[in-house]
file work_9.txt (compact mmCIF, C-alpha atoms)
# COMPACT_ATOMS: atom_id res chain seq x y z
CA MET A 1290 -19.35 -58.79 -39.10
CA ASN A 1291 -18.00 -57.33 -35.86
CA ARG A 1292 -14.61 -57.35 -34.14
CA ARG A 1293 -15.39 -60.46 -32.15
CA ALA A 1294 -16.22 -62.49 -35.24
CA PHE A 1295 -13.16 -61.05 -37.00
CA ILE A 1296 -10.74 -62.07 -34.27
CA SER A 1297 -12.34 -65.51 -34.22
CA ALA A 1298 -11.48 -65.92 -37.88
CA CYS A 1299 -7.97 -64.65 -37.24
CA GLY A 1300 -7.45 -67.12 -34.45
CA THR A 1301 -8.42 -69.98 -36.74
CA ALA A 1302 -6.32 -68.84 -39.69
CA ALA A 1303 -3.21 -67.43 -38.00
CA ALA A 1304 -0.52 -69.08 -35.98
CA ALA A 1305 -0.91 -68.56 -32.66
CA LEU A 1306 14.84 -46.88 -28.48
CA THR A 1307 13.38 -44.89 -26.50
CA ILE A 1308 9.74 -44.67 -25.74
CA PRO A 1309 8.61 -41.04 -25.46
CA GLY A 1310 6.01 -40.18 -22.87
CA ILE A 1311 4.72 -37.20 -20.98
CA ALA A 1312 2.56 -38.61 -18.22
CA SER A 1313 5.23 -39.62 -15.74
CA ALA A 1314 8.22 -38.06 -14.09
CA ALA A 1315 10.25 -41.08 -15.13
CA PRO A 1316 12.84 -40.51 -17.88
CA ALA A 1317 11.55 -41.08 -21.40
CA ALA A 1318 13.90 -44.03 -21.87
CA THR A 1319 12.17 -45.95 -19.07
CA GLN A 1320 8.61 -44.96 -19.83
CA LYS A 1321 6.25 -47.87 -20.46
CA TRP A 1322 2.92 -47.30 -22.16
CA ARG A 1323 -0.02 -48.43 -20.06
CA GLY A 1324 -3.38 -47.48 -21.43
CA VAL A 1325 -6.72 -48.21 -23.01
CA ASN A 1326 -8.20 -48.06 -26.48
CA LEU A 1327 -10.87 -45.44 -27.10
CA GLY A 1328 -12.85 -47.84 -29.26
CA GLY A 1329 -16.12 -46.98 -30.94
CA TRP A 1330 -15.49 -43.24 -30.86
CA LEU A 1331 -13.78 -41.99 -34.04
CA ALA A 1332 -14.02 -45.39 -35.72
CA LEU A 1333 -17.46 -46.89 -35.14
CA GLU A 1334 -18.20 -50.48 -34.14
CA LYS A 1335 -21.86 -51.38 -33.80
CA TRP A 1336 -21.38 -53.85 -30.94
CA ILE A 1337 -19.70 -51.14 -28.85
CA THR A 1338 -22.28 -48.40 -29.39
CA PRO A 1339 -25.41 -49.99 -30.90
CA SER A 1340 -27.60 -46.95 -30.18
CA ILE A 1341 -25.95 -44.91 -32.92
CA TYR A 1342 -27.35 -47.44 -35.41
CA ALA A 1343 -30.92 -47.07 -34.16
CA GLY A 1344 -33.51 -47.02 -36.92
CA VAL A 1345 -31.19 -48.16 -39.71
CA LYS A 1346 -30.16 -51.52 -41.11
CA ALA A 1347 -26.48 -50.59 -41.45
CA GLU A 1348 -23.79 -52.78 -39.90
CA ASP A 1349 -20.80 -50.49 -40.41
CA GLU A 1350 -19.91 -46.80 -40.51
CA TYR A 1351 -19.89 -46.60 -44.31
CA THR A 1352 -23.41 -47.94 -44.72
CA LEU A 1353 -24.65 -45.99 -41.71
CA CYS A 1354 -23.57 -42.71 -43.27
CA SER A 1355 -24.86 -43.79 -46.68
CA GLU A 1356 -28.26 -44.77 -45.34
CA LEU A 1357 -28.68 -41.61 -43.26
CA GLY A 1358 -27.45 -39.22 -45.93
CA LYS A 1359 -24.85 -36.50 -45.45
CA ALA A 1360 -26.85 -34.04 -43.33
CA ALA A 1361 -28.39 -36.59 -40.98
CA ALA A 1362 -25.11 -38.50 -40.66
CA GLU A 1363 -23.29 -35.33 -39.65
CA VAL A 1364 -25.88 -34.60 -36.95
CA ARG A 1365 -25.82 -38.12 -35.55
CA LEU A 1366 -22.04 -38.51 -35.57
CA ARG A 1367 -21.49 -35.06 -34.14
CA HIS A 1368 -23.69 -35.91 -31.18
CA HIS A 1369 -21.95 -39.26 -30.71
CA ARG A 1370 -18.46 -37.74 -30.89
CA GLU A 1371 -19.37 -35.12 -28.32
CA LYS A 1372 -20.94 -37.56 -25.86
CA TRP A 1373 -19.20 -40.95 -26.11
CA ILE A 1374 -15.78 -39.80 -24.86
CA THR A 1375 -15.56 -36.59 -22.84
CA ASP A 1376 -13.11 -34.77 -20.64
CA GLU A 1377 -14.42 -36.78 -17.68
CA ASP A 1378 -13.29 -39.98 -19.39
CA PHE A 1379 -9.74 -38.73 -19.88
CA GLN A 1380 -9.74 -37.59 -16.28
CA TRP A 1381 -10.88 -41.03 -15.09
CA ILE A 1382 -8.19 -42.81 -17.14
CA ALA A 1383 -5.47 -40.55 -15.78
CA ALA A 1384 -6.72 -41.03 -12.23
CA ARG A 1385 -6.06 -44.76 -12.60
CA GLY A 1386 -2.37 -43.97 -13.13
CA MET A 1387 -2.36 -44.74 -16.84
CA ASN A 1388 -0.18 -42.64 -19.11
CA ALA A 1389 -1.53 -43.20 -22.63
CA VAL A 1390 -4.50 -43.93 -24.84
CA ARG A 1391 -4.65 -45.67 -28.21
CA LEU A 1392 -6.97 -43.68 -30.46
CA PRO A 1393 -8.48 -45.59 -33.41
CA ILE A 1394 -9.63 -43.39 -36.31
CA GLY A 1395 -11.20 -44.02 -39.68
CA TYR A 1396 -9.59 -42.89 -42.92
CA GLY A 1397 -12.26 -40.26 -43.44
CA ILE A 1398 -11.50 -38.31 -40.27
CA LEU A 1399 -9.36 -35.61 -41.93
CA GLU A 1400 -10.05 -35.69 -45.67
CA GLU A 1401 -13.32 -35.95 -47.54
CA ASN A 1402 -13.96 -39.61 -48.27
CA PRO A 1403 -17.73 -39.84 -48.81
CA PRO A 1404 -19.92 -40.95 -47.20
CA PHE A 1405 -17.76 -40.70 -44.05
CA VAL A 1406 -18.12 -37.63 -41.84
CA THR A 1407 -14.90 -35.72 -41.23
CA GLY A 1408 -13.88 -34.67 -37.73
CA ALA A 1409 -10.58 -32.82 -37.62
CA ASP A 1410 -11.92 -30.64 -34.82
CA VAL A 1411 -12.77 -33.69 -32.71
CA LEU A 1412 -9.32 -35.19 -33.31
CA ASP A 1413 -7.78 -31.91 -32.22
CA HIS A 1414 -9.97 -31.84 -29.13
CA ALA A 1415 -8.98 -35.42 -28.27
CA PHE A 1416 -5.29 -34.55 -28.20
CA LYS A 1417 -5.94 -31.46 -26.11
CA MET A 1418 -8.13 -33.31 -23.60
CA ALA A 1419 -5.50 -36.04 -23.31
CA LYS A 1420 -2.73 -33.52 -22.69
CA ALA A 1421 -4.77 -31.67 -20.09
CA HIS A 1422 -4.75 -34.88 -18.05
CA GLY A 1423 -1.14 -35.88 -18.70
CA LEU A 1424 -1.96 -38.60 -21.24
CA SER A 1425 0.00 -39.45 -24.36
CA VAL A 1426 -1.69 -40.60 -27.57
CA LEU A 1427 -0.94 -43.48 -29.92
CA LEU A 1428 -2.87 -42.59 -33.07
CA ASP A 1429 -4.07 -45.70 -34.90
CA LEU A 1430 -5.29 -45.77 -38.52
CA HIS A 1431 -8.09 -48.26 -37.91
CA GLY A 1432 -9.51 -48.42 -41.42
CA ALA A 1433 -8.12 -47.97 -44.92
CA PRO A 1434 -9.61 -47.49 -48.41
CA GLY A 1435 -10.91 -50.78 -49.77
CA SER A 1436 -10.77 -52.33 -46.27
CA GLN A 1437 -7.63 -54.06 -45.04
CA ASN A 1438 -9.61 -56.90 -43.47
CA GLY A 1439 -13.18 -56.85 -44.79
CA PHE A 1440 -14.75 -56.33 -41.39
CA ASP A 1441 -16.81 -53.58 -39.83
CA HIS A 1442 -14.10 -51.96 -37.75
CA SER A 1443 -12.24 -51.06 -40.96
CA GLY A 1444 -15.14 -48.75 -41.75
CA ARG A 1445 -16.80 -51.00 -44.30
CA ALA A 1446 -17.57 -54.69 -43.97
CA GLY A 1447 -17.47 -56.89 -47.05
CA ASN A 1448 -14.68 -57.55 -49.48
CA LEU A 1449 -11.01 -57.46 -48.55
CA GLY A 1450 -10.03 -54.94 -51.19
CA TRP A 1451 -7.25 -52.80 -49.77
CA HIS A 1452 -4.26 -54.76 -51.03
CA THR A 1453 -5.81 -55.68 -54.40
CA SER A 1454 -5.53 -52.11 -55.67
CA THR A 1455 -2.35 -50.06 -55.87
CA GLN A 1456 -4.64 -47.03 -55.85
CA ASN A 1457 -5.94 -48.01 -52.39
CA VAL A 1458 -2.45 -48.61 -51.04
CA ASP A 1459 -1.13 -45.34 -52.48
CA HIS A 1460 -4.16 -43.51 -51.08
CA THR A 1461 -3.43 -44.95 -47.63
CA ILE A 1462 0.14 -43.71 -47.79
CA ARG A 1463 -1.15 -40.22 -48.59
CA ILE A 1464 -3.55 -40.49 -45.66
CA ILE A 1465 -0.65 -41.41 -43.36
CA GLU A 1466 1.40 -38.44 -44.51
CA ASN A 1467 -1.57 -36.09 -44.07
CA LEU A 1468 -2.25 -37.49 -40.61
CA ALA A 1469 1.39 -37.09 -39.66
CA SER A 1470 1.37 -33.50 -40.87
CA PHE A 1471 -1.77 -32.74 -38.87
CA VAL A 1472 -0.69 -34.32 -35.57
CA LYS A 1473 3.00 -33.37 -35.52
CA LYS A 1474 2.10 -30.23 -33.56
CA TYR A 1475 1.02 -32.23 -30.51
CA ASP A 1476 3.80 -32.88 -28.03
CA ASN A 1477 1.79 -35.69 -26.44
CA LEU A 1478 1.82 -37.74 -29.65
CA ILE A 1479 3.92 -40.81 -28.86
CA ALA A 1480 3.21 -43.00 -31.88
CA LEU A 1481 1.45 -43.38 -35.21
CA GLU A 1482 0.19 -46.85 -36.15
CA LEU A 1483 0.32 -47.30 -39.91
CA LEU A 1484 -2.58 -49.76 -40.21
CA ASN A 1485 -4.73 -51.68 -37.76
CA GLU A 1486 -5.17 -55.43 -38.21
CA PRO A 1487 -4.42 -56.11 -41.87
CA ARG A 1488 -5.90 -59.55 -42.35
CA TRP A 1489 -3.77 -62.70 -42.18
CA ASP A 1490 -4.18 -63.32 -45.92
CA VAL A 1491 -2.88 -59.94 -47.08
CA PRO A 1492 0.32 -61.03 -48.85
CA MET A 1493 3.38 -60.30 -46.75
CA ASP A 1494 5.31 -58.73 -49.61
CA ILE A 1495 2.54 -56.17 -50.17
CA LEU A 1496 2.14 -55.48 -46.47
CA LYS A 1497 5.87 -55.06 -45.85
CA LYS A 1498 6.26 -52.76 -48.85
CA TYR A 1499 3.38 -50.65 -47.59
CA TYR A 1500 4.95 -50.39 -44.14
CA GLU A 1501 8.26 -49.28 -45.62
CA ASP A 1502 6.64 -46.66 -47.86
CA ALA A 1503 4.25 -45.43 -45.17
CA TYR A 1504 7.14 -45.18 -42.71
CA THR A 1505 8.99 -42.94 -45.18
CA ALA A 1506 5.89 -40.79 -45.64
CA ALA A 1507 5.33 -40.44 -41.90
CA ARG A 1508 8.96 -39.68 -41.16
CA LYS A 1509 8.79 -36.64 -43.44
CA GLN A 1510 6.72 -35.12 -40.65
CA LEU A 1511 7.52 -37.02 -37.45
CA SER A 1512 10.91 -37.20 -35.75
CA PRO A 1513 12.12 -40.61 -34.57
CA GLU A 1514 13.40 -38.88 -31.46
CA THR A 1515 9.88 -38.12 -30.27
CA VAL A 1516 7.39 -40.34 -32.14
CA SER A 1517 7.39 -44.10 -32.68
CA ILE A 1518 6.06 -45.74 -35.82
CA VAL A 1519 3.94 -48.80 -35.03
CA ILE A 1520 3.24 -51.68 -37.40
CA HIS A 1521 0.69 -54.42 -36.75
CA ASP A 1522 1.84 -58.02 -37.15
CA GLY A 1523 -1.05 -58.99 -39.45
CA PHE A 1524 -1.76 -61.91 -37.11
CA ARG A 1525 1.59 -63.44 -38.04
CA ALA A 1526 3.59 -62.64 -34.94
CA THR A 1527 6.59 -64.82 -35.81
CA GLU A 1528 7.16 -63.65 -39.39
CA TRP A 1529 8.90 -60.32 -38.82
CA ALA A 1530 12.46 -61.31 -38.02
CA GLY A 1531 14.91 -58.82 -39.52
CA PHE A 1532 12.22 -56.53 -40.89
CA MET A 1533 12.80 -52.77 -40.70
CA PRO A 1534 16.22 -53.00 -39.02
CA PRO A 1535 17.16 -50.07 -36.75
CA ALA A 1536 20.15 -49.19 -38.92
CA LYS A 1537 17.68 -47.91 -41.52
CA TYR A 1538 14.37 -47.54 -39.67
CA SER A 1539 14.36 -45.72 -36.36
CA ASN A 1540 12.00 -46.23 -33.43
CA VAL A 1541 9.70 -48.84 -34.97
CA ILE A 1542 7.46 -50.96 -32.74
CA LEU A 1543 5.61 -54.18 -33.58
CA ASP A 1544 2.00 -54.39 -32.39
CA THR A 1545 0.30 -57.70 -31.64
CA HIS A 1546 -3.31 -58.25 -30.52
CA LEU A 1547 -3.96 -61.12 -28.12
CA TYR A 1548 -7.37 -62.62 -27.39
CA GLN A 1549 -8.35 -66.06 -26.05
CA CYS A 1550 -12.11 -66.16 -26.44
CA TYR A 1551 -12.99 -67.04 -30.04
CA THR A 1552 -11.63 -70.32 -31.38
CA GLU A 1553 -12.87 -73.81 -30.59
CA GLU A 1554 -9.66 -74.42 -28.65
CA ASP A 1555 -10.38 -71.29 -26.61
CA ARG A 1556 -13.83 -72.65 -25.77
CA LYS A 1557 -12.38 -75.98 -24.61
CA ASN A 1558 -9.77 -74.41 -22.30
CA ASP A 1559 -10.85 -73.74 -18.73
CA ALA A 1560 -9.78 -70.68 -16.75
CA ASN A 1561 -6.64 -72.41 -15.42
CA ALA A 1562 -5.50 -73.22 -18.96
CA HIS A 1563 -6.05 -69.64 -20.06
CA VAL A 1564 -4.00 -68.37 -17.12
CA HIS A 1565 -1.18 -70.74 -18.10
CA ILE A 1566 -1.31 -69.64 -21.74
CA SER A 1567 -1.18 -66.00 -20.69
CA ALA A 1568 1.61 -66.30 -18.15
CA ILE A 1569 3.81 -68.84 -19.96
CA ASP A 1570 3.02 -69.27 -23.65
CA LEU A 1571 2.34 -65.65 -24.51
CA ARG A 1572 5.36 -64.53 -22.50
CA LYS A 1573 7.51 -66.82 -24.64
CA GLN A 1574 5.90 -65.52 -27.83
CA LEU A 1575 6.48 -61.91 -26.84
CA ASP A 1576 10.08 -62.61 -25.83
CA LYS A 1577 10.69 -64.26 -29.20
CA MET A 1578 9.17 -61.35 -31.10
CA GLN A 1579 11.32 -58.83 -29.30
CA LYS A 1580 14.50 -60.88 -29.59
CA GLU A 1581 14.16 -61.73 -33.29
CA ALA A 1582 12.16 -58.82 -34.67
CA LEU A 1583 11.28 -55.49 -33.05
CA PRO A 1584 10.29 -54.01 -29.71
CA ALA A 1585 6.66 -54.98 -29.16
CA ILE A 1586 3.44 -53.71 -27.66
CA VAL A 1587 0.16 -55.49 -27.07
CA GLY A 1588 -2.11 -52.94 -28.72
CA GLU A 1589 -5.31 -54.85 -27.93
CA TRP A 1590 -6.27 -57.42 -25.30
CA SER A 1591 -9.06 -58.04 -22.83
CA CYS A 1592 -10.05 -60.30 -19.95
CA SER A 1593 -13.03 -61.68 -21.91
CA LEU A 1594 -13.36 -65.46 -22.11
CA ASP A 1595 -15.88 -67.67 -23.82
CA PRO A 1596 -18.59 -68.63 -21.29
CA HIS A 1597 -17.63 -72.30 -21.70
CA SER A 1598 -14.25 -71.52 -20.14
CA LEU A 1599 -16.02 -70.41 -16.96
CA THR A 1600 -18.46 -73.34 -16.75
CA GLY A 1601 -19.28 -74.21 -13.17
CA LEU A 1602 -17.82 -71.00 -11.77
CA THR A 1603 -20.17 -68.57 -10.06
CA GLY A 1604 -19.92 -65.69 -7.65
CA PHE A 1605 -16.54 -65.22 -6.05
CA ALA A 1606 -14.96 -68.16 -7.93
CA ARG A 1607 -15.93 -66.65 -11.28
CA ASP A 1608 -14.62 -63.24 -10.26
CA ALA A 1609 -11.37 -64.83 -9.06
CA ALA A 1610 -10.93 -66.61 -12.40
CA ILE A 1611 -11.37 -63.40 -14.39
CA ARG A 1612 -8.97 -61.55 -12.08
CA ALA A 1613 -6.37 -64.28 -12.40
CA TYR A 1614 -6.67 -64.26 -16.18
CA ALA A 1615 -6.30 -60.48 -16.29
CA ASP A 1616 -3.32 -60.50 -13.93
CA ALA A 1617 -1.56 -63.27 -15.86
CA GLN A 1618 -1.84 -61.22 -19.02
CA LEU A 1619 -0.59 -58.08 -17.33
CA LEU A 1620 2.40 -60.00 -15.98
CA SER A 1621 3.39 -61.03 -19.51
CA TYR A 1622 2.54 -57.80 -21.28
CA GLU A 1623 4.59 -55.79 -18.82
CA THR A 1624 7.66 -57.37 -20.46
CA THR A 1625 6.91 -55.37 -23.63
CA ARG A 1626 7.09 -51.66 -24.35
CA GLY A 1627 3.46 -51.30 -23.35
CA TRP A 1628 -0.16 -52.42 -23.66
CA PHE A 1629 -3.63 -51.03 -24.34
CA TYR A 1630 -6.82 -52.71 -23.13
CA TRP A 1631 -9.64 -53.20 -25.65
CA THR A 1632 -11.65 -51.21 -24.93
CA TYR A 1633 -12.16 -48.34 -22.50
CA LYS A 1634 -15.92 -48.85 -22.34
CA ILE A 1635 -18.84 -50.37 -24.22
CA ALA A 1636 -22.50 -49.58 -23.91
CA ASP A 1637 -23.34 -52.98 -22.39
CA GLY A 1638 -20.44 -53.15 -19.91
CA GLY A 1639 -18.92 -56.49 -18.96
CA THR A 1640 -15.44 -57.85 -19.54
CA TRP A 1641 -14.97 -55.94 -22.79
CA SER A 1642 -15.32 -52.68 -20.86
CA PHE A 1643 -12.17 -51.71 -18.98
CA ARG A 1644 -14.10 -49.22 -16.90
CA ASP A 1645 -16.60 -51.88 -15.87
CA CYS A 1646 -13.79 -54.34 -15.13
CA VAL A 1647 -12.24 -51.90 -12.68
CA LYS A 1648 -15.61 -51.23 -11.08
CA ARG A 1649 -16.23 -54.95 -10.57
CA GLY A 1650 -12.73 -55.66 -9.25
CA TRP A 1651 -11.71 -57.80 -12.21
CA MET A 1652 -8.91 -55.37 -13.04
CA PRO A 1653 -6.69 -53.30 -10.73
CA ASP A 1654 -7.72 -49.77 -9.88
CA LYS A 1655 -4.22 -48.27 -10.18
CA TYR A 1656 -1.58 -48.66 -12.90
CA GLY A 1657 1.20 -46.27 -11.92
CA ASP A 1658 4.49 -47.71 -10.69
CA ASN A 1659 4.16 -49.07 -7.16
CA GLY A 1660 0.42 -48.58 -7.48
CA LEU A 1661 0.84 -44.83 -7.08
CA VAL A 1662 -0.60 -42.13 -9.30

call {"tool": "encode", "arguments": {"input": "work_9.txt", "output": "C-alpha cells"}}
result
Amino acid sequence: MNRRAFISACGTAAAALTIPGIASAAPAATQKWRGVNLGGWLALEKWITPSIYAGVKAEDEYTLCSELGKAAAEVRLRHHREKWITDEDFQWIAARGMNAVRLPIGYGILEENPPFVTGADVLDHAFKMAKAHGLSVLLDLHGAPGSQNGFDHSGRAGNLGWHTSTQNVDHTIRIIENLASFVKKYDNLIALELLNEPRWDVPMDILKKYYEDAYTAARKQLSPETVSIVIHDGFRATEWAGFMPPAKYSNVILDTHLYQCYTEEDRKNDANAHVHISAIDLRKQLDKMQKEALPAIVGEWSCSLDPHSLTGLTGFARDAAIRAYADAQLLSYETTRGWFYWTYKIADGGTWSFRDCVKRGWMPDKYGDNGLV
C-alpha cells in the first residue's frame, strides 16, 4: 500500500529556540525553514518512481531488493540514486529562494540491514550538494525495523511490527545514534527527525518512551545549539501537551503532516471548503499545538485534492482553485517554524510534484522573504 492509501487510513482513524539555518543572511533566531521533501530517492515509494520497479512484482523497497538479489539490487539502486536527484535539482530548489530540504532515508542507508542496499556515499553527497547551493538539511528516518506503520514508505509494507518488539525499538535507537554520529560533521544539518509517521495505533507510552530515549542517543552527538530534534505527532496532533519540556529537552520540534485529499469528508468538500479549512481550521490547530506543546513544523503537505473536490472546474477556474488552496495552506503554515512540500517531484508530475506545480503556476515561483532570492 502506498503513501496515499496510508494517509487515507490515518485521516479516518486520527483526529483531525532557535532555528539554525545557513541559507539566508537573516539571523539564525529568525530563520524559517521553507523547503521540499526529496521523496522517493533514498527511501523508495513505487508511486513516485514506478520505473525502478519495472519487471518485478515488488511493492516496496524490501521486496524489490529481495526479488532482484543483492548484486542486481545494488546496480539498480545505484543508477536510481545517481539520476533521480542531482546537483541540478538542488540548484533549482535554491533558485526558488528555499533554504532547506527534508531528506527521507531508510534504516538500511548506513548499516547492513539485508536486503536493503547501503548508501553512505550518496548520503554524504546529498549533504555536500545541498551545502554547495546554500541549503540546509532536515534528515528524516523514514523507515524503522519492523515497520512503524506497515506501509510501503517505511521500507516494507505489511505488518505493523516496530513497537511490538523491544529489539526493534532498541535497534532504531542505535540507528539514530549512528546516524547522528555520521552527520554531525555537516554544518548544514539543521535537524534530525527521530521517526517518520508512526501509525496512529502505536501506543503513546511506547512512542513517547522511544522519543525520549532516541533524543538522548542523538544528543550524545548533536548539539542543541545547532541541530533540532524533530518528533512526528503520530497523527495525534493534540496529544503532546507538556511532552519533552524545554527545561529538560532542548530544541525539540513537533512535526505534523497535513493532507485533505483522502477521506470521504475530503471528497465531499469543494475547493472553497478546503481553502477555509486550510486558512482557518488548520491555523487554529497549529496555534494550539505550539501554545500547548512544542514549536511545530508541517513536514509534509501538498496542494493535491480529490477530483470530486474540483467537480465542475476546468481551465482557469480549476487552476485558480488549486492556487487558492496552496496559498491558504502557505498562509497558515508560515505561522510555524517551517514547512516542507511533499514532494519535490514525481515521475508523473501533477499536484504531488512541487516542481510541476511551480511550472503550472499552482505554486509561487519564489519563496525568499519579499519574494527575493

call {"tool": "atom_distance", "arguments": {"input": "work_9.txt", "atom1": "atom CA of Arg1556 of chain A", "atom2": "atom CA of Thr1600 of chain A"}}
result
10.2 Å

call {"tool": "atom_distance", "arguments": {"input": "work_9.txt", "atom1": "atom CA of Ser1593 of chain A", "atom2": "atom CA of Glu1581 of chain A"}}
result
29.5 Å

call {"tool": "closest_residue", "arguments": {"input": "work_9.txt", "among": "A:Leu1496, A:Val1516, A:Ile1341, A:Ile1382", "to": "Tyr1633 of chain A", "atoms": "all atoms listed in the file"}}
result
A:Ile1382

call {"tool": "closest_residue", "arguments": {"input": "work_9.txt", "among": "A:Asp1410, A:Tyr1548, A:Lys1417, A:Pro1393", "to": "Leu1483 of chain A", "atoms": "all atoms listed in the file"}}
result
A:Pro1393

call {"tool": "closest_atom_pairs", "arguments": {"input": "work_9.txt", "of": "segment 1400-1454 of chain A", "to": "segment 1474-1481 of chain A", "cutoff": "9 Å", "atoms": "all atoms listed in the file", "output": "Markdown table"}}
result
| residue | atom | partner | partner_atom | distance |
| --- | --- | --- | --- | --- |
| A:Asp1413 | CA | A:Tyr1475 | CA | 9.0 |
| A:Phe1416 | CA | A:Tyr1475 | CA | 7.1 |
| A:Lys1417 | CA | A:Tyr1475 | CA | 8.3 |
| A:Ala1419 | CA | A:Asn1477 | CA | 7.9 |
| A:Lys1420 | CA | A:Asn1477 | CA | 6.3 |
| A:Gly1423 | CA | A:Asn1477 | CA | 8.3 |
| A:Leu1424 | CA | A:Asn1477 | CA | 7.0 |
| A:Ser1425 | CA | A:Asn1477 | CA | 4.7 |
| A:Val1426 | CA | A:Leu1478 | CA | 5.0 |
| A:Leu1427 | CA | A:Ala1480 | CA | 4.6 |
| A:Leu1428 | CA | A:Leu1481 | CA | 4.9 |
| A:Asp1429 | CA | A:Leu1481 | CA | 6.0 |
| A:Leu1430 | CA | A:Leu1481 | CA | 7.9 |

call {"tool": "atom_distance", "arguments": {"input": "work_9.txt", "atom1": "atom CA of Glu1356 of chain A", "atom2": "atom CA of Gly1444 of chain A"}}
result
14.2 Å

call {"tool": "closest_residue", "arguments": {"input": "work_9.txt", "among": "A:Trp1651, A:Tyr1538, A:Trp1489, A:Phe1405", "to": "Glu1363 of chain A", "atoms": "only C-alpha atoms"}}
result
A:Phe1405

call {"tool": "residues_near_point", "arguments": {"input": "work_9.txt", "point": "(7.6, -49.4, -19.8)", "cutoff": "7 Å", "atoms": "only C-alpha atoms", "output": "MDAnalysis selection string"}}
result
chainID A and resid 1319:1322 1626:1627

call {"tool": "residues_near_point", "arguments": {"input": "work_9.txt", "point": "(-14.7, -44.8, -52.2)", "cutoff": "10 Å", "atoms": "all atoms listed in the file", "output": "number ranges by chain"}}
result
A: 1351, 1402-1405, 1434-1435, 1457

call {"tool": "write_last_selection", "arguments": {"input": "work_9.txt", "atoms": "C-alpha atoms", "output": "PDB file, in the coordinates of the input"}}
result
ATOM      1  CA  TYR A1351     -19.890 -46.600 -44.310  1.00  0.00           C
ATOM      2  CA  ASN A1402     -13.960 -39.610 -48.270  1.00  0.00           C
ATOM      3  CA  PRO A1403     -17.730 -39.840 -48.810  1.00  0.00           C
ATOM      4  CA  PRO A1404     -19.920 -40.950 -47.200  1.00  0.00           C
ATOM      5  CA  PHE A1405     -17.760 -40.700 -44.050  1.00  0.00           C
ATOM      6  CA  PRO A1434      -9.610 -47.490 -48.410  1.00  0.00           C
ATOM      7  CA  GLY A1435     -10.910 -50.780 -49.770  1.00  0.00           C
ATOM      8  CA  ASN A1457      -5.940 -48.010 -52.390  1.00  0.00           C
TER       9      ASN A1457
END

call {"tool": "residues_around", "arguments": {"input": "work_9.txt", "residues": "Trp1641 of chain A", "least_positions_apart": "2", "cutoff": "7 Å", "atoms": "all atoms listed in the file", "output": "ChimeraX atom specification"}}
result
/A:1591,1593,1631-1632,1635,1638-1639,1643

call {"tool": "residues_around", "arguments": {"input": "work_9.txt", "residues": "Glu1334 of chain A", "least_positions_apart": "5", "cutoff": "12 Å", "atoms": "all atoms listed in the file", "output": "JSON, numbers by chain"}}
result
{"A": [1290, 1291, 1292, 1293, 1327, 1328, 1329, 1339, 1340, 1341, 1342, 1347, 1348, 1349, 1350, 1351, 1353, 1393, 1394, 1395, 1431, 1432, 1440, 1441, 1442, 1443, 1444, 1445, 1446, 1632, 1635, 1636]}

call {"tool": "decode", "arguments": {"input": "work_9.txt", "residues": "segment 1591-1613 of chain A", "atoms": "C-alpha atoms", "output": "mmCIF file, in the first residue's frame"}}
result
data_model
loop_
_atom_site.group_PDB
_atom_site.id
_atom_site.type_symbol
_atom_site.label_atom_id
_atom_site.label_comp_id
_atom_site.auth_asym_id
_atom_site.auth_seq_id
_atom_site.Cartn_x
_atom_site.Cartn_y
_atom_site.Cartn_z
ATOM 1 C CA SER A 1591 0.626 19.243 -0.838
ATOM 2 C CA CYS A 1592 -1.939 21.049 -2.971
ATOM 3 C CA SER A 1593 -3.483 17.745 -4.118
ATOM 4 C CA LEU A 1594 -7.245 17.389 -3.776
ATOM 5 C CA ASP A 1595 -9.580 14.546 -4.586
ATOM 6 C CA PRO A 1596 -11.015 15.090 -8.097
ATOM 7 C CA HIS A 1597 -14.524 15.296 -6.592
ATOM 8 C CA SER A 1598 -13.499 18.500 -4.813
ATOM 9 C CA LEU A 1599 -12.831 20.109 -8.193
ATOM 10 C CA THR A 1600 -16.009 18.899 -9.916
ATOM 11 C CA GLY A 1601 -17.231 21.388 -12.488
ATOM 12 C CA LEU A 1602 -13.997 23.366 -12.503
ATOM 13 C CA THR A 1603 -11.978 23.444 -15.702
ATOM 14 C CA GLY A 1604 -9.278 25.575 -17.237
ATOM 15 C CA PHE A 1605 -8.571 28.810 -15.434
ATOM 16 C CA ALA A 1606 -11.167 28.161 -12.699
ATOM 17 C CA ARG A 1607 -9.526 24.847 -11.804
ATOM 18 C CA ASP A 1608 -6.078 26.430 -11.758
ATOM 19 C CA ALA A 1609 -7.393 29.262 -9.575
ATOM 20 C CA ALA A 1610 -8.864 26.761 -7.103
ATOM 21 C CA ILE A 1611 -5.579 24.877 -6.770
ATOM 22 C CA ARG A 1612 -3.663 28.142 -6.345
ATOM 23 C CA ALA A 1613 -6.065 29.345 -3.685
#
